[in-house]
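Student: Just query.txt, nothing more (compact mmCIF, C-alpha atoms):
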```txt
# COMPACT_ATOMS: atom_id res chain seq x y z
CA MET K 1 75.16 117.00 81.93
CA ASN K 2 75.10 114.29 79.29
CA GLY K 3 75.26 110.59 80.04
CA CYS K 4 78.99 110.03 79.49
CA THR K 5 80.30 112.83 81.69
CA GLU K 6 77.66 111.90 84.26
CA ARG K 7 79.12 108.36 84.42
CA VAL K 8 82.66 109.70 84.91
CA TYR K 9 81.51 112.12 87.63
CA ASN K 10 79.55 109.32 89.29
CA GLY K 11 82.63 107.05 89.44
CA LEU K 12 85.08 109.75 90.47
CA ILE K 13 83.05 111.48 93.18
CA LYS K 14 79.51 110.35 93.87
CA GLU K 15 80.19 106.60 94.07
CA ASN K 16 83.95 106.64 94.46
CA PRO K 17 84.84 102.94 94.83
CA THR K 18 87.51 103.46 97.48
CA PHE K 19 86.04 106.10 99.76
CA VAL K 20 82.29 105.76 99.28
CA LEU K 21 81.61 102.17 98.25
CA MET K 22 84.67 100.67 100.06
CA LEU K 23 85.20 98.08 97.34
CA GLY K 24 88.42 96.34 96.38
CA MET K 25 90.02 96.68 99.78
CA CYS K 26 92.74 94.04 99.22
CA PRO K 27 94.75 95.93 96.59
CA THR K 28 93.89 99.25 98.26
CA LEU K 29 95.71 98.24 101.40
CA ALA K 30 98.41 96.07 99.89
CA VAL K 31 99.99 98.06 97.08
CA THR K 32 99.73 101.62 98.36
CA THR K 33 103.19 101.72 99.92
CA SER K 34 104.04 104.49 97.46
CA ALA K 35 102.08 106.82 95.21
CA ILE K 36 103.64 105.31 92.06
CA ASN K 37 102.41 101.83 93.00
CA GLY K 38 98.96 103.27 93.67
CA VAL K 39 98.85 104.88 90.22
CA GLY K 40 100.12 101.68 88.58
CA MET K 41 97.57 99.46 90.27
CA GLY K 42 94.78 101.98 89.68
CA LEU K 43 95.53 102.30 85.97
CA SER K 44 95.88 98.52 85.47
CA THR K 45 92.50 98.04 87.12
CA THR K 46 91.05 100.85 84.98
CA VAL K 47 92.23 99.19 81.76
CA VAL K 48 90.72 95.85 82.78
CA LEU K 49 87.52 97.53 83.93
CA VAL K 50 87.02 99.53 80.72
CA LEU K 51 87.76 96.58 78.43
CA SER K 52 85.64 94.09 80.37
CA ASN K 53 82.75 96.58 80.67
CA MET K 54 82.96 97.11 76.91
CA LEU K 55 83.01 93.41 76.00
CA ILE K 56 80.36 92.42 78.54
CA SER K 57 78.09 95.22 77.37
CA MET K 58 78.56 94.07 73.74
CA LEU K 59 77.72 90.49 74.70
CA ARG K 60 74.92 91.34 77.11
CA LYS K 61 72.20 90.04 74.77
CA ILE K 62 74.13 86.88 73.86
CA ILE K 63 75.17 85.63 77.31
CA PRO K 64 72.36 83.54 78.84
CA ASP K 65 71.28 84.83 82.20
CA SER K 66 71.93 81.58 84.04
CA VAL K 67 75.64 81.37 83.17
CA ARG K 68 76.43 85.08 83.26
CA MET K 69 78.77 84.98 86.27
CA PRO K 70 81.17 82.34 84.86
CA ALA K 71 81.07 84.19 81.53
CA PHE K 72 81.95 87.49 83.24
CA ILE K 73 84.76 85.83 85.16
CA VAL K 74 86.29 84.38 81.98
CA VAL K 75 86.14 87.78 80.26
CA VAL K 76 87.72 89.57 83.23
CA ALA K 77 90.38 86.90 83.76
CA SER K 78 91.40 87.05 80.08
CA PHE K 79 91.90 90.81 80.18
CA VAL K 80 93.80 90.52 83.46
CA THR K 81 96.14 87.97 81.87
CA ILE K 82 96.73 90.33 78.91
CA VAL K 83 97.45 93.29 81.22
CA GLN K 84 99.77 91.09 83.29
CA PHE K 85 101.86 90.21 80.22
CA LEU K 86 101.96 93.84 79.02
CA LEU K 87 103.19 95.03 82.43
CA GLU K 88 105.76 92.25 82.63
CA GLY K 89 107.07 93.16 79.19
CA PHE K 90 107.06 96.96 79.30
CA VAL K 91 107.29 98.04 82.98
CA PRO K 92 109.06 95.14 84.72
CA SER K 93 109.85 97.24 87.82
CA LEU K 94 106.18 98.01 88.45
CA TYR K 95 105.31 94.38 87.70
CA ALA K 96 107.81 93.25 90.33
CA SER K 97 106.47 95.58 93.01
CA LEU K 98 102.80 94.79 92.36
CA GLY K 99 103.53 91.06 92.07
CA LEU K 100 100.71 88.78 93.14
CA TYR K 101 98.16 91.60 93.19
CA ILE K 102 98.04 91.87 89.38
CA PRO K 103 96.40 88.44 88.83
CA LEU K 104 94.24 89.13 91.89
CA ILE K 105 92.53 91.97 89.96
CA VAL K 106 90.23 89.14 88.82
CA VAL K 107 88.59 88.89 92.24
CA ASN K 108 88.38 92.66 92.74
CA CYS K 109 84.76 93.35 93.72
CA ILE K 110 84.69 96.55 91.66
CA ILE K 111 85.07 94.79 88.32
CA LEU K 112 82.52 92.00 88.77
CA GLY K 113 80.27 94.44 90.60
CA ARG K 114 80.23 96.89 87.69
CA ALA K 115 79.81 94.07 85.17
CA GLU K 116 76.80 92.73 87.04
CA SER K 117 75.15 95.97 88.06
CA TYR K 118 75.93 98.24 85.09
CA ALA K 119 77.57 96.79 81.98
CA SER K 120 75.19 93.84 81.65
CA LYS K 121 72.21 96.19 81.47
CA ASN K 122 73.45 99.27 79.59
CA PRO K 123 74.67 100.19 76.08
CA VAL K 124 78.34 99.94 75.10
CA VAL K 125 79.43 103.60 75.10
CA LEU K 126 77.88 104.35 78.49
CA SER K 127 79.46 101.18 79.93
CA ILE K 128 82.89 102.25 78.66
CA PHE K 129 82.53 105.64 80.34
CA ASP K 130 81.25 103.95 83.50
CA GLY K 131 84.44 101.87 83.47
CA ILE K 132 86.58 104.99 82.94
CA GLY K 133 84.85 106.82 85.79
CA MET K 134 85.01 103.95 88.27
CA GLY K 135 88.60 103.17 87.27
CA LEU K 136 89.73 106.77 87.68
CA GLY K 137 87.91 106.98 91.01
CA PHE K 138 89.79 103.89 92.15
CA THR K 139 93.10 105.32 90.85
CA VAL K 140 92.51 108.60 92.71
CA GLY K 141 91.71 106.70 95.90
CA LEU K 142 94.81 104.51 95.69
CA THR K 143 97.05 107.45 94.80
CA ALA K 144 95.72 109.49 97.73
CA ILE K 145 96.40 106.69 100.21
CA GLY K 146 99.78 106.02 98.59
CA LEU K 147 100.76 109.71 98.82
CA VAL K 148 99.95 109.90 102.54
CA ARG K 149 101.80 106.67 103.34
CA GLU K 150 104.84 107.53 101.21
CA LEU K 151 105.12 111.06 102.62
CA ILE K 152 104.86 110.03 106.27
CA GLY K 153 106.72 106.76 105.85
CA SER K 154 109.72 107.94 103.87
CA GLY K 155 109.38 111.70 103.31
CA LYS K 156 109.06 111.19 99.55
CA VAL K 157 106.41 112.11 97.01
CA PHE K 158 106.37 110.02 93.80
CA GLY K 159 109.93 108.91 94.63
CA PHE K 160 111.14 112.51 95.01
CA GLN K 161 112.64 113.34 98.42
CA LEU K 162 110.33 116.15 99.53
CA LEU K 163 111.37 116.29 103.18
CA PRO K 164 115.17 116.13 103.69
CA LEU K 165 116.00 113.24 106.01
CA ALA K 166 117.78 113.70 109.31
CA ASP K 167 121.31 112.34 109.41
CA VAL K 168 122.42 111.17 112.82
CA ALA K 169 126.06 110.69 111.81
CA SER K 170 126.65 114.28 110.71
CA GLY K 171 124.13 115.71 113.19
CA GLN K 172 122.10 117.26 110.40
CA ALA K 173 118.54 118.14 111.39
CA GLY K 174 115.70 116.89 109.22
CA TYR K 175 112.70 114.62 108.93
CA VAL K 176 112.73 111.26 110.71
CA PRO K 177 110.52 108.92 108.69
CA VAL K 178 107.82 106.96 110.50
CA THR K 179 108.61 103.64 108.84
CA ILE K 180 105.51 101.90 110.16
CA PHE K 181 103.43 103.77 107.60
CA ILE K 182 105.05 101.87 104.73
CA LEU K 183 104.67 98.60 106.62
CA ALA K 184 101.39 96.69 106.92
CA PRO K 185 99.89 98.43 110.00
CA GLY K 186 100.24 101.83 108.31
CA ALA K 187 97.79 100.78 105.60
CA PHE K 188 95.09 100.03 108.19
CA LEU K 189 95.84 103.25 110.11
CA VAL K 190 95.69 105.55 107.06
CA LEU K 191 92.48 103.95 105.80
CA ALA K 192 90.95 104.18 109.29
CA GLY K 193 91.82 107.88 109.40
CA LEU K 194 90.37 108.53 105.95
CA THR K 195 87.09 106.67 106.64
CA ALA K 196 86.74 108.44 110.00
CA LEU K 197 87.19 111.75 108.19
CA GLN K 198 84.55 110.76 105.69
CA ASN K 199 82.19 109.73 108.52
CA LYS K 200 82.75 113.13 110.11
CA VAL K 201 81.82 114.92 106.89
CA LYS K 202 78.71 112.74 106.57
CA LEU K 203 77.67 113.35 110.18
CA ASN K 204 78.04 117.08 109.72
CA ALA K 205 75.98 116.95 106.56
CA ALA K 206 73.34 114.87 108.33
CA LYS K 207 73.13 117.42 111.13
CA LYS K 208 72.42 120.13 108.60
CA GLY K 209 69.59 117.98 107.35
CA LYS K 210 71.05 117.04 103.98
CA LYS K 211 70.30 113.70 102.45
CA VAL K 212 73.33 111.42 102.51
CA THR K 213 73.74 108.46 100.19
CA GLU K 214 74.29 105.29 102.17
CA ALA K 215 77.57 103.56 101.53
CA ALA K 216 77.04 99.94 100.65
CA GLY K 217 80.30 98.14 100.63
CA CYS K 218 82.57 95.50 101.97
CA GLY K 219 82.71 97.15 105.37
CA GLU K 220 79.10 96.14 105.76
CA GLY K 221 79.73 92.55 104.76
CA CYS K 222 80.61 91.21 101.37
CA ALA K 223 77.06 90.18 100.68
CA SER K 224 76.31 93.73 99.69
CA CYS K 225 78.91 94.17 96.98
CA GLY K 226 76.71 93.57 93.98
CA GLY K 227 77.40 90.42 92.06
CA CYS K 228 80.52 89.28 93.84
CA SER K 229 78.87 87.15 96.45
CA GLY K 230 76.33 84.53 95.68
CA LYS K 231 76.62 81.58 93.44
CA VAL K 232 78.76 81.67 90.37
CA PHE K 233 77.40 78.59 88.71
CA PRO K 234 73.67 78.00 88.66
CA THR K 235 72.59 75.04 90.76
CA GLY K 236 69.09 74.97 89.37
CA ASN K 237 67.35 75.65 92.65
CA GLU K 238 67.84 79.39 93.05
CA LYS K 239 64.83 81.47 93.86
CA GLU K 240 64.50 84.21 91.32
CA MET G 1 109.37 67.37 107.32
CA LYS G 2 111.20 70.26 108.96
CA GLU G 3 110.79 72.36 105.83
CA LEU G 4 107.04 71.68 105.74
CA LEU G 5 106.71 72.77 109.36
CA ILE G 6 108.60 75.98 108.61
CA ILE G 7 106.33 76.71 105.64
CA ALA G 8 103.19 76.03 107.72
CA ILE G 9 104.25 78.25 110.62
CA GLY G 10 105.55 80.90 108.23
CA SER G 11 102.29 81.19 106.33
CA ALA G 12 100.06 80.88 109.42
CA ILE G 13 101.73 83.33 111.77
CA VAL G 14 104.78 85.14 110.42
CA ASN G 15 103.35 86.21 107.07
CA ASN G 16 99.75 86.22 108.23
CA VAL G 17 97.51 86.27 105.18
CA VAL G 18 95.22 89.02 106.45
CA LEU G 19 97.45 91.16 108.61
CA SER G 20 100.57 91.32 106.47
CA GLN G 21 99.49 90.30 102.96
CA PHE G 22 96.03 91.90 102.95
CA LEU G 23 94.28 88.96 101.31
CA GLY G 24 90.72 88.24 102.37
CA ILE G 25 90.11 91.67 103.86
CA CYS G 26 86.43 91.67 102.83
CA PRO G 27 85.30 88.73 105.01
CA PHE G 28 87.78 89.82 107.69
CA LEU G 29 85.96 93.14 108.05
CA GLY G 30 82.50 91.90 107.11
CA VAL G 31 81.98 88.61 108.96
CA SER G 32 83.84 89.37 112.19
CA LYS G 33 81.06 90.76 114.36
CA LYS G 34 80.58 87.61 116.46
CA VAL G 35 83.02 84.87 117.46
CA GLU G 36 80.53 82.21 116.41
CA THR G 37 80.14 83.41 112.81
CA ALA G 38 83.85 84.18 112.61
CA SER G 39 84.79 80.63 113.55
CA GLY G 40 82.26 79.32 111.01
CA MET G 41 83.89 81.44 108.32
CA GLY G 42 87.36 80.39 109.48
CA GLY G 43 86.38 76.72 109.31
CA ALA G 44 84.87 77.08 105.85
CA VAL G 45 87.99 78.88 104.58
CA ILE G 46 90.32 76.19 105.98
CA PHE G 47 88.19 73.54 104.29
CA VAL G 48 88.02 75.23 100.88
CA ILE G 49 91.64 76.44 100.71
CA THR G 50 92.99 73.00 101.59
CA ILE G 51 90.99 71.33 98.83
CA ALA G 52 91.57 74.19 96.37
CA SER G 53 95.34 74.18 96.80
CA PHE G 54 95.39 70.42 96.23
CA ILE G 55 93.21 70.55 93.09
CA THR G 56 94.90 73.60 91.54
CA GLY G 57 98.27 71.97 92.27
CA LEU G 58 97.17 68.85 90.39
CA ILE G 59 95.77 70.84 87.48
CA TYR G 60 98.90 72.98 87.19
CA LYS G 61 101.29 70.04 87.29
CA PHE G 62 99.42 67.53 85.13
CA ILE G 63 97.44 69.69 82.71
CA LEU G 64 98.80 73.22 82.34
CA VAL G 65 102.55 72.45 82.37
CA PRO G 66 102.52 69.41 80.01
CA LEU G 67 100.33 71.30 77.52
CA ASN G 68 102.58 74.35 77.84
CA ILE G 69 99.67 76.66 78.63
CA SER G 70 100.68 77.73 82.13
CA TYR G 71 99.95 81.35 81.13
CA LEU G 72 96.26 80.48 81.41
CA GLN G 73 96.66 79.84 85.15
CA THR G 74 94.62 82.84 86.34
CA ILE G 75 91.61 81.98 84.18
CA VAL G 76 91.73 78.26 84.95
CA PHE G 77 92.28 78.69 88.70
CA ILE G 78 89.44 81.14 89.27
CA LEU G 79 86.98 78.97 87.35
CA VAL G 80 88.13 75.84 89.15
CA ILE G 81 87.80 77.55 92.52
CA ALA G 82 84.33 78.89 91.72
CA ALA G 83 83.15 75.47 90.53
CA LEU G 84 84.82 73.74 93.46
CA VAL G 85 83.13 75.94 96.04
CA GLN G 86 79.73 75.16 94.62
CA PHE G 87 80.52 71.49 94.29
CA VAL G 88 81.63 71.36 97.93
CA GLU G 89 78.44 73.13 98.92
CA MET G 90 76.22 70.66 97.07
CA PHE G 91 78.21 67.68 98.34
CA LEU G 92 77.99 68.82 101.95
CA LYS G 93 74.27 69.51 101.62
CA LYS G 94 73.60 65.95 100.43
CA SER G 95 76.00 63.93 102.55
CA MET G 96 76.94 65.89 105.66
CA PRO G 97 73.96 68.06 106.61
CA SER G 98 75.36 68.91 110.06
CA LEU G 99 78.60 70.30 108.62
CA TYR G 100 76.57 72.06 105.91
CA ASN G 101 74.45 73.76 108.54
CA ALA G 102 77.57 75.04 110.26
CA LEU G 103 79.47 76.21 107.17
CA GLY G 104 76.82 76.52 104.47
CA VAL G 105 76.11 80.23 104.68
CA TYR G 106 79.77 81.13 104.34
CA LEU G 107 80.63 78.92 101.39
CA PRO G 108 79.29 81.12 98.55
CA LEU G 109 81.16 84.11 99.99
CA ILE G 110 84.47 82.29 99.65
CA THR G 111 84.61 82.36 95.84
CA THR G 112 85.60 86.00 95.90
CA ASN G 113 87.85 85.65 98.93
CA CYS G 114 91.11 86.58 97.29
CA ALA G 115 93.02 84.42 99.77
CA VAL G 116 91.93 81.28 97.88
CA LEU G 117 93.20 82.45 94.50
CA GLY G 118 96.16 84.05 96.27
CA VAL G 119 97.30 80.73 97.76
CA ALA G 120 96.91 78.92 94.43
CA LEU G 121 99.01 81.54 92.64
CA THR G 122 101.65 81.73 95.40
CA ASN G 123 102.08 77.94 95.22
CA VAL G 124 102.83 78.25 91.50
CA GLN G 125 105.07 81.30 91.87
CA LYS G 126 107.18 79.70 94.58
CA ASP G 127 107.41 76.39 92.70
CA TYR G 128 105.85 74.41 95.53
CA GLY G 129 105.07 70.75 94.87
CA ILE G 130 101.60 69.40 95.58
CA LEU G 131 102.29 68.34 99.18
CA THR G 132 104.14 71.58 100.00
CA GLY G 133 101.33 73.52 98.33
CA VAL G 134 98.67 71.84 100.46
CA VAL G 135 100.72 72.48 103.62
CA ASN G 136 101.07 76.12 102.59
CA GLY G 137 97.31 76.25 101.99
CA ILE G 138 96.52 74.80 105.41
CA GLY G 139 98.97 77.20 107.08
CA THR G 140 97.55 80.23 105.29
CA SER G 141 93.94 79.36 106.04
CA VAL G 142 94.68 78.59 109.70
CA GLY G 143 96.32 82.03 109.82
CA PHE G 144 93.13 83.52 108.38
CA ALA G 145 91.02 81.71 110.97
CA ILE G 146 93.28 82.89 113.82
CA ALA G 147 93.09 86.50 112.65
CA ILE G 148 89.33 86.60 112.09
CA ILE G 149 88.51 84.86 115.41
CA ILE G 150 90.77 87.18 117.43
CA MET G 151 89.22 90.12 115.61
CA ALA G 152 85.69 88.93 116.40
CA GLY G 153 86.61 88.50 120.07
CA ILE G 154 87.89 92.05 120.23
CA ARG G 155 84.87 93.42 118.36
CA GLU G 156 82.46 91.80 120.82
CA LYS G 157 84.17 93.79 123.56
CA ILE G 158 84.30 96.99 121.51
CA GLU G 159 80.49 96.94 121.44
CA TYR G 160 80.50 98.05 125.08
CA ASN G 161 83.04 100.83 124.63
CA ASP G 162 82.37 104.48 124.20
CA ILE G 163 83.82 105.40 120.83
CA SER G 164 83.70 108.87 119.35
CA GLU G 165 80.97 109.18 116.76
CA SER G 166 83.06 109.44 113.62
CA PHE G 167 85.20 106.43 114.53
CA GLN G 168 82.27 104.05 115.00
CA GLY G 169 81.93 101.19 112.54
CA THR G 170 84.67 100.55 110.01
CA PRO G 171 87.33 103.01 111.28
CA ILE G 172 87.64 101.47 114.76
CA VAL G 173 87.78 97.99 113.20
CA LEU G 174 90.61 99.15 110.93
CA ILE G 175 92.51 100.61 113.88
CA THR G 176 92.08 97.32 115.75
CA ALA G 177 93.44 95.54 112.67
CA ALA G 178 96.42 97.90 112.64
CA LEU G 179 97.21 97.09 116.29
CA MET G 180 96.86 93.35 115.63
CA SER G 181 99.14 93.71 112.65
CA ILE G 182 101.76 95.45 114.82
CA ALA G 183 101.45 92.60 117.33
CA PHE G 184 101.96 90.01 114.60
CA PHE G 185 105.17 91.79 113.58
CA GLY G 186 106.53 90.39 116.82
CA PHE G 187 106.54 86.94 115.22
CA SER G 188 108.82 87.99 112.38
CA GLY G 189 111.94 86.78 114.18
CA LEU G 190 110.43 83.33 114.63
CA ILE G 191 111.87 81.79 111.48
```
Could I get this file's structure written as structure tokens?

Tutor:
Amino acid sequence: MNGCTERVYNGLIKENPTFVLMLGMCPTLAVTTSAINGVGMGLSTTVVLVLSNMLISMLRKIIPDSVRMPAFIVVVASFVTIVQFLLEGFVPSLYASLGLYIPLIVVNCIILGRAESYASKNPVVLSIFDGIGMGLGFTVGLTAIGLVRELIGSGKVFGFQLLPLADVASGQAGYVPVTIFILAPGAFLVLAGLTALQNKVKLNAAKKGKKVTEAAGCGEGCASCGGCSGKVFPTGNEKE
Amino acid sequence: MKELLIIAIGSAIVNNVVLSQFLGICPFLGVSKKVETASGMGGAVIFVITIASFITGLIYKFILVPLNISYLQTIVFILVIAALVQFVEMFLKKSMPSLYNALGVYLPLITTNCAVLGVALTNVQKDYGILTGVVNGIGTSVGFAIAIIIMAGIREKIEYNDISESFQGTPIVLITAALMSIAFFGFSGLI
């Protein structure tokens, strides 16, 4: 497998940001009320991730080490602002439903994490593919959660009524949506179910004696998401 | 005055920042193992959000709007917040060592707490003035503190429970959060 496809595979499966690394939990829980929103948020993040990885990788020899975090933040925030205006102009409905969470892409651990741990150390093309892989992995994760919540919560899939709804007035039998799954608690429940499932798979694999990669992510405390904790501006007394 | 009170209660309890808006999930899941650390984090967040909503309010009103560059808000706010957090940390270290010892460890983690940027952006989106913005900031951060302290209290008890193997760790915490979120829905008729 060559380097580029390896990066995409790594982001999609091996280090999937949603299910394995548990990064970027805020948008994951907040915007996945429907599959469409999940795809929209995932793709917006992917665009920002690919562009910022590209630019940061290009500038990696120019940016001084001591001010790299503020520099990364400015790069990411600029791309987020561009994406925000594009969405507002071309897909206003998606922009309205994602709302506040578009500018909040700036503080998404995935983007600063990848900038710090990959793009600032690797050549441009590989960094772009790393961004594509991680971004698609994130999109797949969000879409999966969105699909489950939308199907249980309203009987729809991508806005299409898959399960016919019950109608009390005419006595027609059908599906009674569990509305709580589109509300806030549903997000926590679905994610809990999915992580428990993943734990189960891991435990089974561990019993068979396979090596399992440890998940390092926000669930374990934010200190472990690379590059997004710690000091942004150098104070001059850090221990290197 | 009445309006300010409604905004404060609304952002603290009814639209709780963690349980219904999903901001600041990372520290909520990560730093909620003990009540002591959770209250430290809660205190630090209240402190930073209050100052941050005041400063970003000033910058928006007196710099970004007059110069007609309010589209730069995301970039400016995140840099201001990052700088502010470190400034607060250095200031506390020099002048109030006791407070620094209590909050110090949590301060660097706050830069990427999306609740801080979230409050600054909400204040702009909803056209809040500086005073209203600060009240909204205080309300939101008190809401964060309430949620994380309750969560830590529950997690201390969970330690003694017998939980099936695959639900240990993050999943049971998420389920607890879901139940808390359902409970907080009860406040929605308050305003």

Student: Could you work out how far atom CA of Ile172 of chain G lies from atom CA of Ala35 of chain K, giving the answer in Å with one decimal?

Tutor: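 About the pair atom CA of Ala35 of chain K and atom CA of Ile172 of chain G: they are 24.9 Å apart.
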
Student: Suppose you want the space between atom CA of Met41 of chain K and atom CA of Leu194 of chain K; what is it in Å?

Tutor: 19.5 Å

Student: Starting from chain G, keep only residues with some atom at most 6 Å from an atom of chain K, counting all atoms listed in the file, and report them as JSON, numbers by chain.

Tutor: {"G": [20, 22, 23, 25, 26, 29, 30, 75, 108, 109, 112, 166, 167, 171, 174, 175, 178, 181, 182]}

Student: Give me the residues within 12 Å of Ala38 of chain G as a PDB file with C-alpha atoms, in the coordinates of the input, counting only C-alpha atoms and dropping any in the same chain fewer than 2 places off.

Tutor:
```pdb
ATOM      1  CA  PRO G  27      85.300  88.730 105.010  1.00  0.00           C
ATOM      2  CA  PHE G  28      87.780  89.820 107.690  1.00  0.00           C
ATOM      3  CA  LEU G  29      85.960  93.140 108.050  1.00  0.00           C
ATOM      4  CA  GLY G  30      82.500  91.900 107.110  1.00  0.00           C
ATOM      5  CA  VAL G  31      81.980  88.610 108.960  1.00  0.00           C
ATOM      6  CA  SER G  32      83.840  89.370 112.190  1.00  0.00           C
ATOM      7  CA  LYS G  33      81.060  90.760 114.360  1.00  0.00           C
ATOM      8  CA  LYS G  34      80.580  87.610 116.460  1.00  0.00           C
ATOM      9  CA  VAL G  35      83.020  84.870 117.460  1.00  0.00           C
ATOM     10  CA  GLU G  36      80.530  82.210 116.410  1.00  0.00           C
ATOM     11  CA  GLY G  40      82.260  79.320 111.010  1.00  0.00           C
ATOM     12  CA  MET G  41      83.890  81.440 108.320  1.00  0.00           C
ATOM     13  CA  GLY G  42      87.360  80.390 109.480  1.00  0.00           C
ATOM     14  CA  GLY G  43      86.380  76.720 109.310  1.00  0.00           C
ATOM     15  CA  ALA G  44      84.870  77.080 105.850  1.00  0.00           C
ATOM     16  CA  VAL G  45      87.990  78.880 104.580  1.00  0.00           C
ATOM     17  CA  ALA G 102      77.570  75.040 110.260  1.00  0.00           C
ATOM     18  CA  LEU G 103      79.470  76.210 107.170  1.00  0.00           C
ATOM     19  CA  VAL G 105      76.110  80.230 104.680  1.00  0.00           C
ATOM     20  CA  TYR G 106      79.770  81.130 104.340  1.00  0.00           C
ATOM     21  CA  PHE G 144      93.130  83.520 108.380  1.00  0.00           C
ATOM     22  CA  ALA G 145      91.020  81.710 110.970  1.00  0.00           C
ATOM     23  CA  ILE G 146      93.280  82.890 113.820  1.00  0.00           C
ATOM     24  CA  ALA G 147      93.090  86.500 112.650  1.00  0.00           C
ATOM     25  CA  ILE G 148      89.330  86.600 112.090  1.00  0.00           C
ATOM     26  CA  ILE G 149      88.510  84.860 115.410  1.00  0.00           C
ATOM     27  CA  ILE G 150      90.770  87.180 117.430  1.00  0.00           C
ATOM     28  CA  MET G 151      89.220  90.120 115.610  1.00  0.00           C
ATOM     29  CA  ALA G 152      85.690  88.930 116.400  1.00  0.00           C
ATOM     30  CA  GLY G 153      86.610  88.500 120.070  1.00  0.00           C
ATOM     31  CA  ILE G 154      87.890  92.050 120.230  1.00  0.00           C
ATOM     32  CA  ARG G 155      84.870  93.420 118.360  1.00  0.00           C
ATOM     33  CA  GLU G 156      82.460  91.800 120.820  1.00  0.00           C
TER      34      GLU G 156
END
```

Student: Which of these, K:Ser34, K:Glu116, K:Ser66, K:Gly133, has the shortest distance to Lys14 of chain K once you count all atoms listed in the file?

Tutor: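 Comparing K:Ser34, K:Glu116, K:Ser66, K:Gly133 against Lys14 of chain K, the winner is K:Gly133.
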